[in-house]
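*Asks:* Encoded as structure tokens, here's the structure I'll be asking about.
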Amino acid sequence: MKPDPALLIRGSGEVGSAIALALFRGGYRPVVQDDPAPATLRRGMAFSDALFDGRALLDGVPACRVDGLDDLRETVQAGQAIPVTALPVADLLAAQDWDVLVDARLRKRSVPEDQRGLAGLTIGLGPNFVAGGTVDIAIETSWEALGTIIRKGPTLPLRGEPRPIGGVGRDRNVYAMQGGVVQTTHHIGDLVSEGDVLGEIEGAPFIAPLPGLLRGLVRSGVRVDKGAKLAEIDPRGSTGHCFGVGERPARLAAEVLKLIGGDRQYPAD
């Protein structure tokens, strides 16, 4: 890998953001790409809000939205913040050669396109990737094999059940009963009671299934499909975790950093 590789991260959710953060802290200058209005759930653990607000902060590191290729180059060169952009991937690929492309979108129920050849090294995280088939290297995201590097063959299929938090699994999540635009006045970190109205989609309310800390909430004004996660409640309440990098994203980010060359040493600024 050359000393200052061009790194493109697809996905501004908690995993893509943790990867970008680890790379940035490791002396690299990653670029994060996502849809213009991503339906990110755990926004307190991600850079996604930069696409709406212009800036976002994760564990003390800033990210900023960039809307044009010239601004993107300037932000990368300045090295003061992680650029997050909604520019189409095709435009980014046409604008320059990328040394590494990391697909961290975690679209668990869709089959990713073959991305080999789009960069010098392509890495895919999560179900449905095939090392040597759709990417060069795949990384497991399921807890039982978290961070396992696969150089040939598929990742594990989607297991279906989330890991329990505070003894609660799937029941802590709220799912969209219909597609439409989310409207809410709640915020990540709110303490809620069972039965509280968290928001609505096209006039249909969605309700807190249990008391606890609002760990995840799709941003108001974002359109979602039927079945999408709208909210997540941490039943541990005020002792729960809703801001900063989580354990699983941190471990995945560490594996990506090692793959790219995280043992580099940098002089102090």
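Labeling convention for the structure tokens: chains A, B, ... as they appear, residues from 1 per chain, ligands from 1 in order of appearance.
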Hey, could you make a per-residue contact list for segment 103-207 of chain A against segment 220-241 of chain A with 6 Å as the cut-off, showing the nearest pair of atoms and its distance in Å to one decimal, counting only C-alpha atoms, sorted by chain and number, as CSV?
*Replies:*
```
residue,atom,partner,partner_atom,distance
A:Gly166,CA,A:Arg236,CA,5.7
A:Arg172,CA,A:Ile233,CA,5.2
A:Asn173,CA,A:Glu232,CA,4.5
A:Val174,CA,A:Ala231,CA,5.1
A:Tyr175,CA,A:Lys229,CA,4.5
A:Ala176,CA,A:Gly227,CA,4.8
A:Met177,CA,A:Lys226,CA,5.6
A:Gln178,CA,A:Lys226,CA,4.3
A:Gly179,CA,A:Asp225,CA,4.2
A:Gly180,CA,A:Arg223,CA,5.3
A:Val181,CA,A:Arg223,CA,4.1
A:Val182,CA,A:Ser220,CA,5.2
A:Gln183,CA,A:Ser220,CA,4.6
A:Thr184,CA,A:Ser220,CA,5.3
```
*Asks:* Please, could you write that set of residues out with N, CA and C atoms as a short mmCIF file (atom, residue, chain, number, x, y, z; two decimals), in the first residue's frame?
*Replies:*
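Okay, selection_21.cif is ready:
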```cif
data_model
loop_
_atom_site.label_atom_id
_atom_site.label_comp_id
_atom_site.auth_asym_id
_atom_site.auth_seq_id
_atom_site.Cartn_x
_atom_site.Cartn_y
_atom_site.Cartn_z
N GLY A 166 -29.26 -5.85 27.56
CA GLY A 166 -30.05 -5.82 28.77
C GLY A 166 -31.07 -6.94 28.82
N ARG A 172 -36.70 -4.98 21.41
CA ARG A 172 -36.32 -3.60 21.72
C ARG A 172 -36.41 -2.68 20.49
N ASN A 173 -36.63 -3.28 19.32
CA ASN A 173 -36.68 -2.52 18.07
C ASN A 173 -38.11 -2.21 17.65
N VAL A 174 -38.27 -1.10 16.94
CA VAL A 174 -39.55 -0.71 16.36
C VAL A 174 -39.38 -0.73 14.84
N TYR A 175 -40.29 -1.40 14.16
CA TYR A 175 -40.20 -1.55 12.71
C TYR A 175 -41.36 -0.82 12.02
N ALA A 176 -41.10 -0.35 10.81
CA ALA A 176 -42.11 0.38 10.05
C ALA A 176 -43.18 -0.58 9.55
N MET A 177 -44.42 -0.30 9.90
CA MET A 177 -45.54 -1.11 9.43
C MET A 177 -45.96 -0.74 8.01
N GLN A 178 -45.45 0.38 7.54
CA GLN A 178 -45.71 0.82 6.17
C GLN A 178 -44.57 1.72 5.74
N GLY A 179 -44.43 1.93 4.44
CA GLY A 179 -43.42 2.84 3.95
C GLY A 179 -43.90 4.28 4.04
N GLY A 180 -42.96 5.21 4.06
CA GLY A 180 -43.32 6.62 4.10
C GLY A 180 -42.25 7.46 4.77
N VAL A 181 -42.59 8.71 5.06
CA VAL A 181 -41.66 9.65 5.65
C VAL A 181 -41.82 9.67 7.17
N VAL A 182 -40.70 9.52 7.86
CA VAL A 182 -40.70 9.52 9.33
C VAL A 182 -40.84 10.96 9.84
N GLN A 183 -41.71 11.12 10.84
CA GLN A 183 -41.83 12.40 11.55
C GLN A 183 -41.71 12.13 13.03
N THR A 184 -40.79 12.83 13.70
CA THR A 184 -40.60 12.64 15.13
C THR A 184 -40.05 13.91 15.76
#
```
*Asks:* Just the residues within 10 Å of Arg116 of chain A, please, counting only C-alpha atoms, with nothing from its chain fewer than 6 positions along; format it as a list in words.
*Replies:* Leu101, Thr122, Ile123, Ala131, Gly132, Gly133, Thr134, Val135, Asp136 and Ile137 of chain A
*Asks:* Generate the output file for the selected residues, C-alpha atoms, as a PDB file, in the first residue's frame.
*Replies:*
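What ended up in out24.pdb:
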```pdb
ATOM      1  CA  LEU A 101     -12.962   0.741  -1.391  1.00  0.00           C
ATOM      2  CA  THR A 122     -12.119  -3.925  -2.307  1.00  0.00           C
ATOM      3  CA  ILE A 123     -13.418  -4.982   1.109  1.00  0.00           C
ATOM      4  CA  ALA A 131     -14.359 -12.910  -1.250  1.00  0.00           C
ATOM      5  CA  GLY A 132     -13.058 -13.478  -4.757  1.00  0.00           C
ATOM      6  CA  GLY A 133     -16.591 -13.074  -6.124  1.00  0.00           C
ATOM      7  CA  THR A 134     -18.027  -9.662  -5.238  1.00  0.00           C
ATOM      8  CA  VAL A 135     -15.046  -8.195  -3.338  1.00  0.00           C
ATOM      9  CA  ASP A 136     -11.381  -9.051  -2.879  1.00  0.00           C
ATOM     10  CA  ILE A 137     -11.682  -9.543   0.889  1.00  0.00           C
TER      11      ILE A 137
END
```
*Asks:* I'd like to know which residues of segment 13-186 of chain A are alpha helix (DSSP H) (by DSSP, run on the backbone); could you write them as a VMD selection string?
*Replies:* chain A and resid 14 to 25 50 to 53 69 to 78 89 to 95
*Asks:* Keeping only N, CA and C atoms, take the residues you just selected and write them out as a short mmCIF file (atom, residue, chain, number, x, y, z; two decimals), in the first residue's frame.
*Replies:*
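Dumped everything to out.cif:
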```
data_model
loop_
_atom_site.label_atom_id
_atom_site.label_comp_id
_atom_site.auth_asym_id
_atom_site.auth_seq_id
_atom_site.Cartn_x
_atom_site.Cartn_y
_atom_site.Cartn_z
N GLU A 14 -23.12 3.27 11.62
CA GLU A 14 -22.20 3.09 12.74
C GLU A 14 -20.93 2.32 12.35
N VAL A 15 -21.02 1.37 11.43
CA VAL A 15 -19.84 0.59 11.06
C VAL A 15 -18.95 1.40 10.10
N GLY A 16 -19.54 1.97 9.06
CA GLY A 16 -18.76 2.79 8.14
C GLY A 16 -18.10 3.96 8.85
N SER A 17 -18.82 4.58 9.79
CA SER A 17 -18.27 5.71 10.53
C SER A 17 -17.12 5.28 11.44
N ALA A 18 -17.27 4.13 12.09
CA ALA A 18 -16.20 3.63 12.96
C ALA A 18 -14.94 3.33 12.15
N ILE A 19 -15.13 2.80 10.95
CA ILE A 19 -13.99 2.52 10.07
C ILE A 19 -13.30 3.81 9.66
N ALA A 20 -14.10 4.80 9.24
CA ALA A 20 -13.53 6.08 8.85
C ALA A 20 -12.79 6.73 10.01
N LEU A 21 -13.37 6.65 11.20
CA LEU A 21 -12.74 7.23 12.39
C LEU A 21 -11.41 6.55 12.69
N ALA A 22 -11.38 5.22 12.65
CA ALA A 22 -10.14 4.50 12.94
C ALA A 22 -9.06 4.83 11.91
N LEU A 23 -9.45 4.91 10.64
CA LEU A 23 -8.48 5.24 9.60
C LEU A 23 -7.96 6.66 9.78
N PHE A 24 -8.85 7.59 10.08
CA PHE A 24 -8.46 8.98 10.27
C PHE A 24 -7.48 9.10 11.43
N ARG A 25 -7.78 8.42 12.53
CA ARG A 25 -6.88 8.45 13.68
C ARG A 25 -5.57 7.73 13.40
N ALA A 50 -24.09 14.47 9.40
CA ALA A 50 -23.36 15.49 8.63
C ALA A 50 -24.02 15.75 7.29
N LEU A 51 -24.68 14.75 6.73
CA LEU A 51 -25.35 14.92 5.44
C LEU A 51 -26.56 15.84 5.55
N PHE A 52 -27.11 16.00 6.75
CA PHE A 52 -28.26 16.88 6.98
C PHE A 52 -27.84 18.22 7.56
N ASP A 53 -26.93 18.18 8.53
CA ASP A 53 -26.58 19.38 9.30
C ASP A 53 -25.30 20.05 8.82
N LEU A 69 -16.73 17.89 -6.11
CA LEU A 69 -15.44 17.21 -6.17
C LEU A 69 -14.29 18.12 -5.75
N ASP A 70 -14.37 19.39 -6.09
CA ASP A 70 -13.30 20.32 -5.68
C ASP A 70 -13.27 20.46 -4.16
N ASP A 71 -14.46 20.61 -3.55
CA ASP A 71 -14.53 20.71 -2.10
C ASP A 71 -14.04 19.42 -1.44
N LEU A 72 -14.34 18.30 -2.07
CA LEU A 72 -13.89 17.02 -1.53
C LEU A 72 -12.37 16.96 -1.50
N ARG A 73 -11.74 17.34 -2.60
CA ARG A 73 -10.27 17.30 -2.66
C ARG A 73 -9.66 18.23 -1.62
N GLU A 74 -10.25 19.41 -1.49
CA GLU A 74 -9.72 20.39 -0.52
C GLU A 74 -9.86 19.88 0.91
N THR A 75 -10.98 19.24 1.22
CA THR A 75 -11.20 18.73 2.56
C THR A 75 -10.24 17.59 2.87
N VAL A 76 -10.04 16.70 1.91
CA VAL A 76 -9.09 15.60 2.10
C VAL A 76 -7.68 16.14 2.32
N GLN A 77 -7.28 17.11 1.51
CA GLN A 77 -5.93 17.66 1.62
C GLN A 77 -5.72 18.39 2.95
N ALA A 78 -6.78 19.09 3.42
CA ALA A 78 -6.65 19.82 4.68
C ALA A 78 -6.48 18.88 5.86
N VAL A 89 -21.49 7.28 -6.31
CA VAL A 89 -20.25 6.50 -6.32
C VAL A 89 -19.62 6.53 -7.71
N ALA A 90 -20.44 6.47 -8.75
CA ALA A 90 -19.92 6.48 -10.12
C ALA A 90 -19.11 7.75 -10.38
N ASP A 91 -19.56 8.88 -9.84
CA ASP A 91 -18.83 10.14 -10.03
C ASP A 91 -17.50 10.11 -9.28
N LEU A 92 -17.51 9.55 -8.09
CA LEU A 92 -16.28 9.46 -7.31
C LEU A 92 -15.27 8.54 -7.97
N LEU A 93 -15.75 7.43 -8.50
CA LEU A 93 -14.86 6.49 -9.18
C LEU A 93 -14.28 7.08 -10.45
N ALA A 94 -15.06 7.90 -11.14
CA ALA A 94 -14.59 8.52 -12.38
C ALA A 94 -13.61 9.65 -12.12
N ALA A 95 -13.69 10.25 -10.93
CA ALA A 95 -12.89 11.43 -10.63
C ALA A 95 -11.44 11.11 -10.32
#
```
*Asks:* Excluding Pro162 of chain A and any residue of its chain fewer than 5 positions from it, enumerate the residues within 10 Å of it, using only C-alpha atoms, and give them as a ChimeraX atom specification.
*Replies:* /A:142-143,168-173
*Asks:* Using only C-alpha atoms, determine which residues lie at most 10 Å from Thr148 of chain A, disregarding the query and same-chain residues fewer than 4 positions distant; provide the list as a PyMOL selection string.
*Replies:* chain A and resi 138-142+144+155+252+255
*Asks:* What's the 6 Å shell around segment 189-192 of chain A, counting only C-alpha atoms, without same-chain residues fewer than 5 positions away, as JSON, numbers by chain?
*Replies:* {"A": [211, 212, 213, 214]}
*Asks:* Would you please work out which residue, of A:Gly120, A:Pro205, A:Gly147, A:Gly13, is nearest to Ala254 of chain A when using only C-alpha atoms?
*Replies:*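 The shortest atom-to-atom distance to Ala254 of chain A comes from A:Gly147.
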*Asks:* Please, what distance in Å, to one decimal, runs between atom CA of Ala56 of chain A and atom CA of Gln33 of chain A?
*Replies:*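 Going from atom CA of Ala56 of chain A over to atom CA of Gln33 of chain A covers 14.3 Å.
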*Asks:* Pick out the residues sitting within 12 Å of Val100 of chain A, and hand them over as a VMD selection string; count only C-alpha atoms, and ignore anything fewer than 4 positions along from it in its own chain.
*Replies:* chain A and resid 1 to 2 4 to 10 23 28 to 31 93 96 115 to 124 135 to 137 256 to 257 259 to 261
*Asks:* Just to be explicit: take each residue in the selection above, keep N, CA and C atoms, and write the result as a tab-separated table (two decimals), in the first residue's frame.
*Replies:*
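To be explicit, this is the file written out as part17.tsv:
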```tsv
chain	number	residue	atom	x	y	z
A	1	MET	N	0.84	-1.19	0.00
A	1	MET	CA	0.00	0.00	0.00
A	1	MET	C	0.89	1.25	0.00
A	2	LYS	N	0.57	2.22	-0.85
A	2	LYS	CA	1.37	3.43	-0.90
A	2	LYS	C	1.19	4.26	0.37
A	4	ASP	N	0.13	7.24	1.20
A	4	ASP	CA	-1.08	8.04	1.42
A	4	ASP	C	-2.19	7.56	0.48
A	5	PRO	N	-2.74	6.39	0.72
A	5	PRO	CA	-3.71	5.81	-0.22
A	5	PRO	C	-5.04	6.56	-0.21
A	6	ALA	N	-5.72	6.50	-1.35
A	6	ALA	CA	-7.06	7.07	-1.48
A	6	ALA	C	-8.06	6.02	-1.00
A	7	LEU	N	-8.85	6.37	0.03
A	7	LEU	CA	-9.72	5.41	0.70
A	7	LEU	C	-11.17	5.87	0.61
A	8	LEU	N	-12.04	5.03	0.08
A	8	LEU	CA	-13.45	5.34	-0.06
A	8	LEU	C	-14.28	4.36	0.78
A	9	ILE	N	-15.07	4.90	1.70
A	9	ILE	CA	-15.93	4.10	2.56
A	9	ILE	C	-17.37	4.29	2.10
A	10	ARG	N	-18.04	3.21	1.75
A	10	ARG	CA	-19.46	3.28	1.39
A	10	ARG	C	-20.30	3.01	2.63
A	23	LEU	N	-9.45	4.91	10.64
A	23	LEU	CA	-8.48	5.24	9.60
A	23	LEU	C	-7.96	6.66	9.78
A	28	TYR	N	-4.66	8.23	8.11
A	28	TYR	CA	-5.20	8.20	6.76
A	28	TYR	C	-6.24	9.30	6.58
A	29	ARG	N	-6.68	9.49	5.33
A	29	ARG	CA	-7.67	10.52	5.02
A	29	ARG	C	-8.81	9.90	4.21
A	30	PRO	N	-9.70	9.21	4.90
A	30	PRO	CA	-10.79	8.51	4.21
A	30	PRO	C	-11.89	9.46	3.76
A	31	VAL	N	-12.65	9.01	2.77
A	31	VAL	CA	-13.85	9.69	2.29
A	31	VAL	C	-15.03	8.76	2.54
A	93	LEU	N	-15.75	7.43	-8.50
A	93	LEU	CA	-14.86	6.49	-9.18
A	93	LEU	C	-14.28	7.08	-10.45
A	96	GLN	N	-11.17	9.89	-9.81
A	96	GLN	CA	-9.81	9.52	-9.45
A	96	GLN	C	-9.71	8.01	-9.29
A	115	GLN	N	-17.86	-5.60	-6.97
A	115	GLN	CA	-17.11	-4.34	-6.89
A	115	GLN	C	-15.62	-4.52	-7.13
A	116	ARG	N	-15.22	-5.74	-7.45
A	116	ARG	CA	-13.80	-5.97	-7.74
A	116	ARG	C	-13.38	-5.14	-8.94
A	117	GLY	N	-12.20	-4.56	-8.84
A	117	GLY	CA	-11.69	-3.73	-9.93
A	117	GLY	C	-12.05	-2.26	-9.81
A	118	LEU	N	-12.98	-1.91	-8.91
A	118	LEU	CA	-13.33	-0.50	-8.72
A	118	LEU	C	-12.25	0.24	-7.94
A	119	ALA	N	-11.41	-0.50	-7.25
A	119	ALA	CA	-10.28	0.06	-6.51
A	119	ALA	C	-9.18	-0.99	-6.46
A	120	GLY	N	-8.00	-0.58	-6.02
A	120	GLY	CA	-6.91	-1.53	-5.93
A	120	GLY	C	-7.23	-2.69	-5.01
A	121	LEU	N	-7.98	-2.40	-3.94
A	121	LEU	CA	-8.42	-3.42	-2.99
A	121	LEU	C	-9.87	-3.11	-2.62
A	122	THR	N	-10.73	-4.11	-2.71
A	122	THR	CA	-12.12	-3.92	-2.31
A	122	THR	C	-12.42	-4.84	-1.13
A	123	ILE	N	-13.11	-4.28	-0.12
A	123	ILE	CA	-13.42	-4.98	1.11
A	123	ILE	C	-14.92	-4.85	1.37
A	124	GLY	N	-15.57	-5.96	1.67
A	124	GLY	CA	-16.99	-5.94	1.98
A	124	GLY	C	-17.25	-6.50	3.36
A	135	VAL	N	-16.11	-9.06	-3.85
A	135	VAL	CA	-15.05	-8.19	-3.34
A	135	VAL	C	-13.76	-9.02	-3.25
A	136	ASP	N	-12.64	-8.34	-3.03
A	136	ASP	CA	-11.38	-9.05	-2.88
A	136	ASP	C	-11.29	-9.74	-1.52
A	137	ILE	N	-11.73	-9.02	-0.48
A	137	ILE	CA	-11.68	-9.54	0.89
A	137	ILE	C	-13.01	-9.24	1.57
A	256	VAL	N	-10.21	-3.65	9.64
A	256	VAL	CA	-9.99	-2.92	8.39
A	256	VAL	C	-8.68	-2.15	8.46
A	257	LEU	N	-8.44	-1.51	9.58
A	257	LEU	CA	-7.20	-0.75	9.75
A	257	LEU	C	-5.98	-1.65	9.60
A	259	LEU	N	-5.84	-4.46	7.90
A	259	LEU	CA	-5.74	-4.87	6.50
A	259	LEU	C	-5.05	-3.82	5.66
A	260	ILE	N	-5.37	-2.56	5.92
A	260	ILE	CA	-4.84	-1.47	5.10
A	260	ILE	C	-3.41	-1.12	5.50
A	261	GLY	N	-3.05	-1.43	6.75
A	261	GLY	CA	-1.69	-1.16	7.17
A	261	GLY	C	-1.63	-0.33	8.42
```
*Asks:* Write out as a list in words all residues of segment 137-209 of chain A that DSSP puts in strand (DSSP E) for this structure's backbone.
*Replies:*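 Those in segment 137-209 of chain A that DSSP calls strand (DSSP E) are Ile137, Ala138, Ile139, Ile149, Ile150, Gly153, Pro154, Asn173, Val174, Tyr175, Gly180, Val181, Val182, Gln183, Leu191, Val192, Val197, Leu198, Gly199, Glu200, Ile201, Ala204, Pro205, Phe206 and Ile207 of chain A.
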*Asks:* Report, in Å to a single decimal, how far apart atom CA of Asp97 of chain A and atom CA of Gly54 of chain A are.
*Replies:*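 The value is 26.2 Å.
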*Asks:* Using atom CA of Val32 of chain A and atom CA of Leu158 of chain A as the two end points, give the distance in Å to one decimal.
*Replies:*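 Between atom CA of Val32 of chain A and atom CA of Leu158 of chain A the gap is 24.7 Å.
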*Asks:* Using only C-alpha atoms, can you tell me which of A:Gly26, A:Pro127, A:Gly11, A:Gly60 comes closest to Pro38 of chain A?
*Replies:*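 Going through A:Gly26, A:Pro127, A:Gly11, A:Gly60 one by one, the smallest distance to Pro38 of chain A is for A:Gly11.
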